[in-house]
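Source file: final_12.cif; contents: mmCIF, N, CA and C atoms.
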data_input
loop_
_atom_site.label_atom_id
_atom_site.label_comp_id
_atom_site.auth_asym_id
_atom_site.auth_seq_id
_atom_site.Cartn_x
_atom_site.Cartn_y
_atom_site.Cartn_z
N MET A 8 97.20 131.63 90.07
CA MET A 8 95.95 131.56 90.82
C MET A 8 95.19 130.30 90.45
N ASN A 9 94.66 129.66 91.44
CA ASN A 9 93.87 128.46 91.25
C ASN A 9 92.40 128.79 91.46
N GLY A 10 91.54 128.04 90.84
CA GLY A 10 90.13 128.28 91.02
C GLY A 10 89.57 127.59 92.24
N GLU A 11 90.12 126.43 92.58
CA GLU A 11 89.49 125.59 93.59
C GLU A 11 90.51 125.00 94.56
N PHE A 12 90.06 124.82 95.78
CA PHE A 12 90.85 124.15 96.81
C PHE A 12 90.02 122.95 97.26
N ILE A 13 90.65 121.81 97.41
CA ILE A 13 89.94 120.58 97.78
C ILE A 13 90.36 120.15 99.18
N ASP A 14 89.39 120.02 100.07
CA ASP A 14 89.64 119.62 101.45
C ASP A 14 89.80 118.10 101.55
N THR A 15 90.36 117.69 102.65
CA THR A 15 90.66 116.28 102.91
C THR A 15 89.45 115.36 102.73
N ASN A 16 88.29 115.77 103.24
CA ASN A 16 87.13 114.87 103.22
C ASN A 16 86.75 114.45 101.81
N ILE A 17 87.03 115.27 100.82
CA ILE A 17 86.71 114.92 99.43
C ILE A 17 87.59 113.73 99.01
N PHE A 18 88.86 113.76 99.37
CA PHE A 18 89.76 112.64 99.04
C PHE A 18 89.35 111.36 99.75
N ILE A 19 88.90 111.48 100.98
CA ILE A 19 88.52 110.29 101.75
C ILE A 19 87.33 109.59 101.11
N TYR A 20 86.42 110.36 100.52
CA TYR A 20 85.26 109.73 99.88
C TYR A 20 85.64 108.88 98.67
N LEU A 21 86.83 109.04 98.14
CA LEU A 21 87.28 108.15 97.07
C LEU A 21 87.30 106.70 97.54
N PHE A 22 87.41 106.51 98.84
CA PHE A 22 87.56 105.17 99.41
C PHE A 22 86.34 104.72 100.21
N ASP A 23 85.28 105.51 100.16
CA ASP A 23 84.06 105.19 100.91
C ASP A 23 83.22 104.18 100.14
N GLU A 24 83.18 102.98 100.63
CA GLU A 24 82.43 101.92 99.97
C GLU A 24 80.97 101.91 100.41
N THR A 25 80.58 102.84 101.27
CA THR A 25 79.20 102.87 101.76
C THR A 25 78.35 103.91 101.05
N ASP A 26 78.98 104.80 100.27
CA ASP A 26 78.22 105.88 99.63
C ASP A 26 78.72 106.08 98.20
N ASP A 27 78.09 105.36 97.28
CA ASP A 27 78.50 105.43 95.87
C ASP A 27 78.35 106.82 95.28
N ARG A 28 77.32 107.54 95.68
CA ARG A 28 77.08 108.89 95.16
C ARG A 28 78.22 109.84 95.54
N LYS A 29 78.58 109.85 96.81
CA LYS A 29 79.67 110.73 97.25
C LYS A 29 81.00 110.30 96.64
N ARG A 30 81.22 109.02 96.53
CA ARG A 30 82.46 108.54 95.92
C ARG A 30 82.54 108.99 94.47
N ALA A 31 81.45 108.94 93.73
CA ALA A 31 81.45 109.37 92.33
C ALA A 31 81.69 110.87 92.20
N ILE A 32 81.08 111.66 93.08
CA ILE A 32 81.27 113.11 93.05
C ILE A 32 82.73 113.44 93.38
N ALA A 33 83.27 112.81 94.41
CA ALA A 33 84.66 113.04 94.79
C ALA A 33 85.60 112.66 93.65
N ASN A 34 85.35 111.53 93.04
CA ASN A 34 86.18 111.08 91.92
C ASN A 34 86.14 112.08 90.77
N GLN A 35 84.96 112.57 90.46
CA GLN A 35 84.83 113.54 89.37
C GLN A 35 85.59 114.83 89.67
N LEU A 36 85.45 115.35 90.89
CA LEU A 36 86.15 116.58 91.27
C LEU A 36 87.66 116.42 91.19
N ILE A 37 88.15 115.32 91.70
CA ILE A 37 89.60 115.10 91.75
C ILE A 37 90.15 114.82 90.36
N GLN A 38 89.45 114.04 89.56
CA GLN A 38 89.90 113.80 88.18
C GLN A 38 89.97 115.10 87.39
N GLN A 39 88.94 115.93 87.54
CA GLN A 39 88.92 117.21 86.85
C GLN A 39 90.09 118.09 87.33
N ALA A 40 90.33 118.09 88.61
CA ALA A 40 91.44 118.88 89.16
C ALA A 40 92.78 118.43 88.59
N LEU A 41 92.96 117.13 88.49
CA LEU A 41 94.22 116.61 87.95
C LEU A 41 94.36 116.91 86.46
N GLU A 42 93.27 116.83 85.73
CA GLU A 42 93.32 117.09 84.29
C GLU A 42 93.53 118.56 83.96
N THR A 43 92.88 119.44 84.70
CA THR A 43 92.94 120.87 84.38
C THR A 43 94.00 121.63 85.15
N ARG A 44 94.50 121.05 86.23
CA ARG A 44 95.43 121.73 87.13
C ARG A 44 94.82 123.03 87.66
N GLY A 45 93.49 123.05 87.78
CA GLY A 45 92.78 124.23 88.24
C GLY A 45 92.43 124.19 89.70
N ALA A 46 92.98 123.24 90.43
CA ALA A 46 92.70 123.11 91.86
C ALA A 46 94.00 122.81 92.59
N CYS A 47 93.96 123.01 93.89
CA CYS A 47 95.15 122.73 94.67
C CYS A 47 94.79 122.23 96.06
N ILE A 48 95.82 121.80 96.79
CA ILE A 48 95.69 121.35 98.16
C ILE A 48 96.89 121.86 98.95
N SER A 49 96.84 121.67 100.25
CA SER A 49 97.95 122.07 101.12
C SER A 49 98.61 120.84 101.73
N TYR A 50 99.72 121.09 102.38
CA TYR A 50 100.42 120.05 103.11
C TYR A 50 99.49 119.38 104.12
N GLN A 51 98.59 120.15 104.74
CA GLN A 51 97.65 119.63 105.74
C GLN A 51 96.74 118.57 105.12
N VAL A 52 96.25 118.83 103.93
CA VAL A 52 95.37 117.87 103.24
C VAL A 52 96.13 116.57 102.99
N ILE A 53 97.39 116.68 102.59
CA ILE A 53 98.20 115.48 102.36
C ILE A 53 98.37 114.70 103.65
N GLN A 54 98.73 115.37 104.72
CA GLN A 54 98.94 114.68 105.99
C GLN A 54 97.67 113.99 106.48
N GLU A 55 96.57 114.71 106.46
CA GLU A 55 95.31 114.14 106.95
C GLU A 55 94.86 112.98 106.08
N THR A 56 94.97 113.14 104.77
CA THR A 56 94.54 112.07 103.85
C THR A 56 95.37 110.82 104.04
N LEU A 57 96.69 110.96 104.08
CA LEU A 57 97.54 109.79 104.26
C LEU A 57 97.31 109.11 105.60
N ASN A 58 97.05 109.89 106.63
CA ASN A 58 96.75 109.30 107.93
C ASN A 58 95.49 108.44 107.87
N VAL A 59 94.45 108.97 107.24
CA VAL A 59 93.18 108.23 107.16
C VAL A 59 93.33 106.98 106.29
N VAL A 60 93.91 107.12 105.12
CA VAL A 60 93.95 105.97 104.20
C VAL A 60 94.89 104.87 104.68
N THR A 61 95.88 105.20 105.50
CA THR A 61 96.81 104.16 105.97
C THR A 61 96.47 103.63 107.36
N CYS A 62 95.63 104.34 108.10
CA CYS A 62 95.37 103.93 109.49
C CYS A 62 93.90 103.79 109.86
N LYS A 63 93.02 104.53 109.21
CA LYS A 63 91.65 104.62 109.72
C LYS A 63 90.59 103.98 108.84
N LEU A 64 90.92 103.62 107.63
CA LEU A 64 89.94 102.95 106.78
C LEU A 64 89.68 101.54 107.28
N PRO A 65 88.50 100.99 107.02
CA PRO A 65 88.24 99.60 107.40
C PRO A 65 89.30 98.65 106.83
N SER A 66 89.75 98.92 105.62
CA SER A 66 90.85 98.17 105.01
C SER A 66 91.95 99.18 104.66
N PRO A 67 92.85 99.44 105.60
CA PRO A 67 93.88 100.45 105.36
C PRO A 67 94.72 100.16 104.11
N MET A 68 95.16 101.21 103.48
CA MET A 68 95.97 101.13 102.28
C MET A 68 97.39 100.70 102.66
N SER A 69 97.99 99.88 101.84
CA SER A 69 99.38 99.48 102.06
C SER A 69 100.29 100.68 101.85
N ALA A 70 101.48 100.60 102.38
CA ALA A 70 102.45 101.68 102.20
C ALA A 70 102.75 101.89 100.72
N GLU A 71 102.82 100.81 99.97
CA GLU A 71 103.09 100.91 98.53
C GLU A 71 101.96 101.63 97.80
N ASN A 72 100.71 101.27 98.10
CA ASN A 72 99.58 101.94 97.47
C ASN A 72 99.46 103.39 97.92
N ALA A 73 99.77 103.66 99.19
CA ALA A 73 99.74 105.04 99.69
C ALA A 73 100.80 105.88 98.98
N GLN A 74 101.96 105.29 98.76
CA GLN A 74 103.03 105.99 98.03
C GLN A 74 102.58 106.32 96.61
N ARG A 75 101.94 105.38 95.96
CA ARG A 75 101.43 105.59 94.60
C ARG A 75 100.36 106.69 94.58
N PHE A 76 99.45 106.65 95.54
CA PHE A 76 98.40 107.67 95.65
C PHE A 76 99.02 109.05 95.90
N LEU A 77 100.00 109.10 96.76
CA LEU A 77 100.71 110.35 97.04
C LEU A 77 101.33 110.91 95.76
N GLU A 78 102.03 110.08 95.04
CA GLU A 78 102.74 110.54 93.83
C GLU A 78 101.80 110.90 92.68
N GLN A 79 100.74 110.13 92.49
CA GLN A 79 99.87 110.32 91.33
C GLN A 79 98.73 111.30 91.55
N VAL A 80 98.29 111.47 92.79
CA VAL A 80 97.11 112.30 93.05
C VAL A 80 97.44 113.51 93.93
N LEU A 81 98.05 113.27 95.06
CA LEU A 81 98.25 114.36 96.02
C LEU A 81 99.36 115.33 95.62
N ILE A 82 100.53 114.82 95.30
CA ILE A 82 101.64 115.72 94.96
C ILE A 82 101.33 116.62 93.76
N PRO A 83 100.70 116.12 92.71
CA PRO A 83 100.41 117.03 91.58
C PRO A 83 99.50 118.21 91.95
N LEU A 84 98.72 118.09 93.02
CA LEU A 84 97.81 119.16 93.42
C LEU A 84 98.38 120.03 94.55
N TRP A 85 99.47 119.61 95.14
CA TRP A 85 100.03 120.25 96.32
C TRP A 85 100.71 121.56 95.98
N GLN A 86 100.22 122.65 96.59
CA GLN A 86 100.83 123.96 96.35
C GLN A 86 101.08 124.78 97.60
N VAL A 87 100.38 124.50 98.69
CA VAL A 87 100.48 125.37 99.86
C VAL A 87 101.29 124.70 100.97
N MET A 88 102.35 125.40 101.37
CA MET A 88 103.20 124.96 102.48
C MET A 88 102.97 125.87 103.68
N PRO A 89 103.34 125.43 104.87
CA PRO A 89 103.14 126.29 106.05
C PRO A 89 104.07 127.50 106.00
N THR A 90 103.52 128.63 106.41
CA THR A 90 104.29 129.87 106.52
C THR A 90 103.80 130.61 107.76
N PRO A 91 104.57 131.53 108.27
CA PRO A 91 104.08 132.33 109.39
C PRO A 91 102.78 133.05 109.05
N THR A 92 102.68 133.57 107.84
CA THR A 92 101.46 134.28 107.42
C THR A 92 100.26 133.35 107.41
N LEU A 93 100.44 132.11 106.98
CA LEU A 93 99.35 131.13 106.97
C LEU A 93 98.81 130.92 108.38
N TYR A 94 99.71 130.75 109.34
CA TYR A 94 99.28 130.53 110.72
C TYR A 94 98.64 131.78 111.32
N GLN A 95 99.21 132.94 111.02
CA GLN A 95 98.64 134.19 111.53
C GLN A 95 97.23 134.41 110.99
N ARG A 96 97.05 134.21 109.70
CA ARG A 96 95.73 134.38 109.09
C ARG A 96 94.75 133.36 109.66
N SER A 97 95.21 132.14 109.90
CA SER A 97 94.36 131.09 110.46
C SER A 97 93.84 131.48 111.83
N LEU A 98 94.69 132.07 112.65
CA LEU A 98 94.25 132.50 113.98
C LEU A 98 93.19 133.60 113.89
N VAL A 99 93.35 134.50 112.94
CA VAL A 99 92.36 135.56 112.73
C VAL A 99 91.03 134.96 112.29
N LEU A 100 91.09 134.03 111.32
CA LEU A 100 89.87 133.39 110.82
C LEU A 100 89.19 132.56 111.91
N GLN A 101 89.98 131.89 112.71
CA GLN A 101 89.43 131.10 113.81
C GLN A 101 88.64 131.99 114.75
N GLN A 102 89.22 133.11 115.11
CA GLN A 102 88.55 134.05 116.02
C GLN A 102 87.31 134.67 115.37
N ARG A 103 87.45 135.12 114.13
CA ARG A 103 86.36 135.85 113.47
C ARG A 103 85.15 134.96 113.19
N TYR A 104 85.39 133.72 112.75
CA TYR A 104 84.28 132.85 112.32
C TYR A 104 83.96 131.72 113.30
N GLY A 105 84.75 131.57 114.34
CA GLY A 105 84.49 130.50 115.30
C GLY A 105 84.84 129.12 114.77
N PHE A 106 85.72 129.06 113.76
CA PHE A 106 86.16 127.77 113.21
C PHE A 106 87.09 127.06 114.19
N SER A 107 87.20 125.75 114.02
CA SER A 107 88.29 125.04 114.69
C SER A 107 89.59 125.54 114.05
N PHE A 108 90.70 125.35 114.73
CA PHE A 108 91.96 125.83 114.16
C PHE A 108 92.25 125.14 112.83
N TYR A 109 92.00 123.84 112.74
CA TYR A 109 92.32 123.12 111.51
C TYR A 109 91.42 123.52 110.35
N ASP A 110 90.15 123.82 110.62
CA ASP A 110 89.28 124.34 109.56
C ASP A 110 89.76 125.73 109.12
N ALA A 111 90.17 126.56 110.09
CA ALA A 111 90.70 127.88 109.75
C ALA A 111 91.97 127.76 108.92
N LEU A 112 92.78 126.76 109.20
CA LEU A 112 94.00 126.53 108.43
C LEU A 112 93.69 126.16 106.98
N ILE A 113 92.64 125.36 106.78
CA ILE A 113 92.23 125.00 105.41
C ILE A 113 91.74 126.23 104.67
N VAL A 114 90.90 127.02 105.31
CA VAL A 114 90.39 128.25 104.68
C VAL A 114 91.55 129.19 104.36
N SER A 115 92.46 129.34 105.29
CA SER A 115 93.61 130.20 105.09
C SER A 115 94.47 129.72 103.92
N ALA A 116 94.67 128.42 103.80
CA ALA A 116 95.45 127.87 102.69
C ALA A 116 94.76 128.14 101.36
N ALA A 117 93.44 127.99 101.33
CA ALA A 117 92.69 128.27 100.10
C ALA A 117 92.82 129.74 99.72
N LEU A 118 92.72 130.62 100.70
CA LEU A 118 92.86 132.06 100.43
C LEU A 118 94.28 132.39 99.99
N GLU A 119 95.26 131.80 100.64
CA GLU A 119 96.66 132.06 100.30
C GLU A 119 96.98 131.66 98.86
N SER A 120 96.33 130.60 98.40
CA SER A 120 96.61 130.13 97.03
C SER A 120 95.76 130.86 95.99
N GLY A 121 94.93 131.79 96.42
CA GLY A 121 94.14 132.59 95.49
C GLY A 121 92.90 131.90 94.96
N CYS A 122 92.43 130.88 95.66
CA CYS A 122 91.26 130.14 95.20
C CYS A 122 89.98 130.96 95.39
N ILE A 123 88.99 130.65 94.57
CA ILE A 123 87.68 131.30 94.70
C ILE A 123 86.63 130.33 95.25
N ARG A 124 86.95 129.02 95.26
CA ARG A 124 86.05 128.00 95.81
C ARG A 124 86.83 127.02 96.67
N LEU A 125 86.21 126.66 97.79
CA LEU A 125 86.75 125.63 98.66
C LEU A 125 85.72 124.51 98.74
N TYR A 126 86.11 123.33 98.23
CA TYR A 126 85.22 122.17 98.30
C TYR A 126 85.45 121.44 99.62
N THR A 127 84.41 121.39 100.44
CA THR A 127 84.46 120.73 101.73
C THR A 127 83.05 120.47 102.21
N GLU A 128 82.89 119.48 103.06
CA GLU A 128 81.59 119.28 103.70
C GLU A 128 81.67 119.68 105.17
N ASP A 129 82.81 120.21 105.58
CA ASP A 129 83.02 120.56 106.99
C ASP A 129 82.59 121.97 107.37
N LEU A 130 82.31 122.80 106.39
CA LEU A 130 81.95 124.19 106.66
C LEU A 130 80.59 124.49 106.04
N GLN A 131 80.07 125.68 106.31
CA GLN A 131 78.73 126.04 105.86
C GLN A 131 78.69 126.28 104.35
N HIS A 132 77.90 125.47 103.66
CA HIS A 132 77.73 125.59 102.21
C HIS A 132 77.20 126.98 101.87
N GLY A 133 77.86 127.64 100.93
CA GLY A 133 77.44 128.95 100.48
C GLY A 133 78.07 130.11 101.24
N GLN A 134 78.78 129.83 102.31
CA GLN A 134 79.42 130.90 103.07
C GLN A 134 80.53 131.55 102.24
N GLN A 135 80.65 132.85 102.33
CA GLN A 135 81.71 133.61 101.64
C GLN A 135 82.69 134.13 102.68
N ILE A 136 83.97 133.92 102.41
CA ILE A 136 85.02 134.40 103.30
C ILE A 136 86.08 135.08 102.46
N ASP A 137 86.13 136.39 102.52
CA ASP A 137 87.15 137.17 101.81
C ASP A 137 87.25 136.78 100.33
N GLY A 138 86.12 136.60 99.67
CA GLY A 138 86.10 136.25 98.25
C GLY A 138 86.15 134.76 97.96
N LEU A 139 86.22 133.94 98.99
CA LEU A 139 86.25 132.49 98.85
C LEU A 139 84.86 131.94 99.14
N LEU A 140 84.33 131.15 98.22
CA LEU A 140 83.02 130.53 98.38
C LEU A 140 83.19 129.11 98.89
N ILE A 141 82.52 128.79 99.99
CA ILE A 141 82.52 127.43 100.53
C ILE A 141 81.46 126.63 99.79
N VAL A 142 81.87 125.51 99.21
CA VAL A 142 80.96 124.67 98.43
C VAL A 142 81.02 123.24 98.97
N ASN A 143 79.85 122.75 99.38
CA ASN A 143 79.74 121.33 99.72
C ASN A 143 79.27 120.64 98.44
N PRO A 144 80.16 119.93 97.76
CA PRO A 144 79.80 119.33 96.47
C PRO A 144 78.73 118.26 96.58
N PHE A 145 78.48 117.80 97.77
CA PHE A 145 77.48 116.76 97.97
C PHE A 145 76.08 117.35 98.17
N GLU A 146 76.00 118.67 98.34
CA GLU A 146 74.70 119.34 98.47
C GLU A 146 74.24 119.93 97.14
N VAL A 147 75.13 120.11 96.22
CA VAL A 147 74.81 120.78 94.95
C VAL A 147 73.98 119.88 94.07
#

As structure tokens, please, write out the structure in this file.
Amino acid sequence: MNGEFIDTNIFIYLFDETDDRKRAIANQLIQQALETRGACISYQVIQETLNVVTCKLPSPMSAENAQRFLEQVLIPLWQVMPTPTLYQRSLVLQQRYGFSFYDALIVSAALESGCIRLYTEDLQHGQQIDGLLIVNPFEV
């Protein structure tokens, strides 16, 4: 069981040169996750993060640097793979809470991995979903 699940947007703030505060908070969360192994991510977080850092940043990351980031940061935290149950639960969460499918997939992955906290700025801070607390680390 993991304590925390980290959403894509937290990783993207590592590269945000316009907001030092958010970058520092993201860096602290991710460093702590890597040191303690108390957090995890899903395949979706890896895909979304790599897409943004290699294609959408003002200065996209080179393939070599993206490979290094994948190996040193993302892979050590990666625990959730797609399963039929993950997709089924996501559809239920999407319907029940009115989430987008991709947000429901993140929540479902956090629940599947046994997390008690989901760090994201995309959902309502303080919301509880089946024992999972949504935390916007930038509001705390």

To one decimal place, how far is atom CA of A:Ile53 from atom CA of A:Leu77 in Å?
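For atom CA of A:Ile53 relative to atom CA of A:Leu77, the distance reads 7.8 Å.
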
Nearby residues (all atoms listed in the file) at most 7 Å from stretch 19-22 of chain A, same-chain spacing under 6 positions excluded, as an MDAnalysis selection string:
chainID A and resid 29:31 33:34 56

Keeping N, CA and C atoms, export the residues of the selection given above as a PDB file, in the frame of the given file.
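Saved result, again07.pdb, follows:
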ATOM      1  N   LYS A  29      78.580 109.850  96.810  1.00  0.00           N
ATOM      2  CA  LYS A  29      79.670 110.730  97.250  1.00  0.00           C
ATOM      3  C   LYS A  29      81.000 110.300  96.640  1.00  0.00           C
ATOM      4  N   ARG A  30      81.220 109.020  96.530  1.00  0.00           N
ATOM      5  CA  ARG A  30      82.460 108.540  95.920  1.00  0.00           C
ATOM      6  C   ARG A  30      82.540 108.990  94.470  1.00  0.00           C
ATOM      7  N   ALA A  31      81.450 108.940  93.730  1.00  0.00           N
ATOM      8  CA  ALA A  31      81.450 109.370  92.330  1.00  0.00           C
ATOM      9  C   ALA A  31      81.690 110.870  92.200  1.00  0.00           C
ATOM     10  N   ALA A  33      83.270 112.810  94.410  1.00  0.00           N
ATOM     11  CA  ALA A  33      84.660 113.040  94.790  1.00  0.00           C
ATOM     12  C   ALA A  33      85.600 112.660  93.650  1.00  0.00           C
ATOM     13  N   ASN A  34      85.350 111.530  93.040  1.00  0.00           N
ATOM     14  CA  ASN A  34      86.180 111.080  91.920  1.00  0.00           C
ATOM     15  C   ASN A  34      86.140 112.080  90.770  1.00  0.00           C
ATOM     16  N   THR A  56      94.970 113.140 104.770  1.00  0.00           N
ATOM     17  CA  THR A  56      94.540 112.070 103.850  1.00  0.00           C
ATOM     18  C   THR A  56      95.370 110.820 104.040  1.00  0.00           C
TER      19      THR A  56
END

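One finds atom N of A:Tyr126 at 7.2 Å from atom C of A:Asp14.
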
Atom CA of A:Val114 and atom CA of A:Thr90, how far apart in Å?
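Computing the Euclidean distance for atom CA of A:Thr90 and atom CA of A:Val114 yields 14.1 Å.
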
Top pick for closest residue to A:Pro65, considering A:Glu24, A:Met88, A:Ile32, A:Glu42 and counting only C-alpha atoms
A:Glu24

Exactly which residues make up the result of the PyMOL selection byres ((chain A and resi 84) around 6) on this file, given as an mmCIF file with N, CA and C atoms, in the coordinates of the input?
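Dumped everything to selection_37.cif:
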data_model
loop_
_atom_site.group_PDB
_atom_site.id
_atom_site.type_symbol
_atom_site.label_atom_id
_atom_site.label_comp_id
_atom_site.auth_asym_id
_atom_site.auth_seq_id
_atom_site.Cartn_x
_atom_site.Cartn_y
_atom_site.Cartn_z
ATOM 1 N N ALA A 46 92.980 123.240 90.430
ATOM 2 C CA ALA A 46 92.700 123.110 91.860
ATOM 3 C C ALA A 46 94.000 122.810 92.590
ATOM 4 N N CYS A 47 93.960 123.010 93.890
ATOM 5 C CA CYS A 47 95.150 122.730 94.670
ATOM 6 C C CYS A 47 94.790 122.230 96.060
ATOM 7 N N ILE A 48 95.820 121.800 96.790
ATOM 8 C CA ILE A 48 95.690 121.350 98.160
ATOM 9 C C ILE A 48 96.890 121.860 98.950
ATOM 10 N N VAL A 80 98.290 111.470 92.790
ATOM 11 C CA VAL A 80 97.110 112.300 93.050
ATOM 12 C C VAL A 80 97.440 113.510 93.930
ATOM 13 N N LEU A 81 98.050 113.270 95.060
ATOM 14 C CA LEU A 81 98.250 114.360 96.020
ATOM 15 C C LEU A 81 99.360 115.330 95.620
ATOM 16 N N ILE A 82 100.530 114.820 95.300
ATOM 17 C CA ILE A 82 101.640 115.720 94.960
ATOM 18 C C ILE A 82 101.330 116.620 93.760
ATOM 19 N N PRO A 83 100.700 116.120 92.710
ATOM 20 C CA PRO A 83 100.410 117.030 91.580
ATOM 21 C C PRO A 83 99.500 118.210 91.950
ATOM 22 N N TRP A 85 99.470 119.610 95.140
ATOM 23 C CA TRP A 85 100.030 120.250 96.320
ATOM 24 C C TRP A 85 100.710 121.560 95.980
ATOM 25 N N GLN A 86 100.220 122.650 96.590
ATOM 26 C CA GLN A 86 100.830 123.960 96.350
ATOM 27 C C GLN A 86 101.080 124.780 97.600
#

Taking the DSSP secondary structure from the backbone, can you list the residues of chain A that are strand (DSSP E), as a PyMOL selection string?
chain A and resi 11-13+46-49+85-87+124-126+135-136+139-142

If we count only N, CA and C atoms and set the cut-off at 7 Å, which residues sit around A:Cys122, ignoring sequence neighbours fewer than 5 positions away in its own chain? Please answer as a list of chain:residue names.
A:Met8, A:Asn9, A:Gly10, A:Glu11, A:Phe12, A:Ala116, A:Ala117, A:Gly138, A:Leu139, A:Leu140

Restricting the output to N, CA and C atoms, write the selected residues as a tab-separated table (two decimals), in the coordinates of the input.
chain	number	residue	atom	x	y	z
A	8	MET	N	97.20	131.63	90.07
A	8	MET	CA	95.95	131.56	90.82
A	8	MET	C	95.19	130.30	90.45
A	9	ASN	N	94.66	129.66	91.44
A	9	ASN	CA	93.87	128.46	91.25
A	9	ASN	C	92.40	128.79	91.46
A	10	GLY	N	91.54	128.04	90.84
A	10	GLY	CA	90.13	128.28	91.02
A	10	GLY	C	89.57	127.59	92.24
A	11	GLU	N	90.12	126.43	92.58
A	11	GLU	CA	89.49	125.59	93.59
A	11	GLU	C	90.51	125.00	94.56
A	12	PHE	N	90.06	124.82	95.78
A	12	PHE	CA	90.85	124.15	96.81
A	12	PHE	C	90.02	122.95	97.26
A	116	ALA	N	94.67	128.42	103.80
A	116	ALA	CA	95.45	127.87	102.69
A	116	ALA	C	94.76	128.14	101.36
A	117	ALA	N	93.44	127.99	101.33
A	117	ALA	CA	92.69	128.27	100.10
A	117	ALA	C	92.82	129.74	99.72
A	138	GLY	N	86.12	136.60	99.67
A	138	GLY	CA	86.10	136.25	98.25
A	138	GLY	C	86.15	134.76	97.96
A	139	LEU	N	86.22	133.94	98.99
A	139	LEU	CA	86.25	132.49	98.85
A	139	LEU	C	84.86	131.94	99.14
A	140	LEU	N	84.33	131.15	98.22
A	140	LEU	CA	83.02	130.53	98.38
A	140	LEU	C	83.19	129.11	98.89

For the structure I just gave you, how does DSSP split chain A - specifically, which residues are helix (DSSP H, G or I)? Reply as number ranges by chain.
A: 15-22, 27-43, 50-63, 70-84, 91-104, 108-119

Take the PyMOL selection byres (((chain A and resi 96-112 and name CA) around 12) and name CA), run it mentally on this structure, and tell me the resulting residues as a VMD selection string.
chain A and resid 14 to 16 48 to 52 55 87 to 95 113 to 119 125 127 to 131 134 to 137 141

When you look at A:Leu64 with a cut-off of 10 Å (counting only C-alpha atoms), what residues show up, excluding the ones that are within fewer than 3 positions of it in the same chain? I need them as a list in words.
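In the requested format, the answer is Ile19, Phe22, Asp23, Asn58, Val59, Val60, Thr61, Pro67 and Met68 of chain A.
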
Serialized selection, N, CA and C atoms, as a CSV table (one decimal), in the frame of the given file:
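Writing the result to part-v6.csv gives the following:
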chain,number,residue,atom,x,y,z
A,19,ILE,N,88.9,111.5,101.0
A,19,ILE,CA,88.5,110.3,101.8
A,19,ILE,C,87.3,109.6,101.1
A,22,PHE,N,87.4,106.5,98.8
A,22,PHE,CA,87.6,105.2,99.4
A,22,PHE,C,86.3,104.7,100.2
A,23,ASP,N,85.3,105.5,100.2
A,23,ASP,CA,84.1,105.2,100.9
A,23,ASP,C,83.2,104.2,100.1
A,58,ASN,N,97.0,109.9,106.6
A,58,ASN,CA,96.8,109.3,107.9
A,58,ASN,C,95.5,108.4,107.9
A,59,VAL,N,94.4,109.0,107.2
A,59,VAL,CA,93.2,108.2,107.2
A,59,VAL,C,93.3,107.0,106.3
A,60,VAL,N,93.9,107.1,105.1
A,60,VAL,CA,94.0,106.0,104.2
A,60,VAL,C,94.9,104.9,104.7
A,61,THR,N,95.9,105.2,105.5
A,61,THR,CA,96.8,104.2,106.0
A,61,THR,C,96.5,103.6,107.4
A,67,PRO,N,92.8,99.4,105.6
A,67,PRO,CA,93.9,100.4,105.4
A,67,PRO,C,94.7,100.2,104.1
A,68,MET,N,95.2,101.2,103.5
A,68,MET,CA,96.0,101.1,102.3
A,68,MET,C,97.4,100.7,102.7

With all atoms listed in the file as the basis for distance, which of A:Ser66, A:Thr25, A:Gln79, A:Asn72 is at the shortest distance from A:Leu41?
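Of all the options, A:Gln79 lies closest to A:Leu41.
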
For A:Phe145, which of A:Ile13, A:Phe18, A:Arg28, A:Phe76 is the closest residue, counting only N, CA and C atoms?
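Going through A:Ile13, A:Phe18, A:Arg28, A:Phe76 one by one, the smallest distance to A:Phe145 is for A:Arg28.
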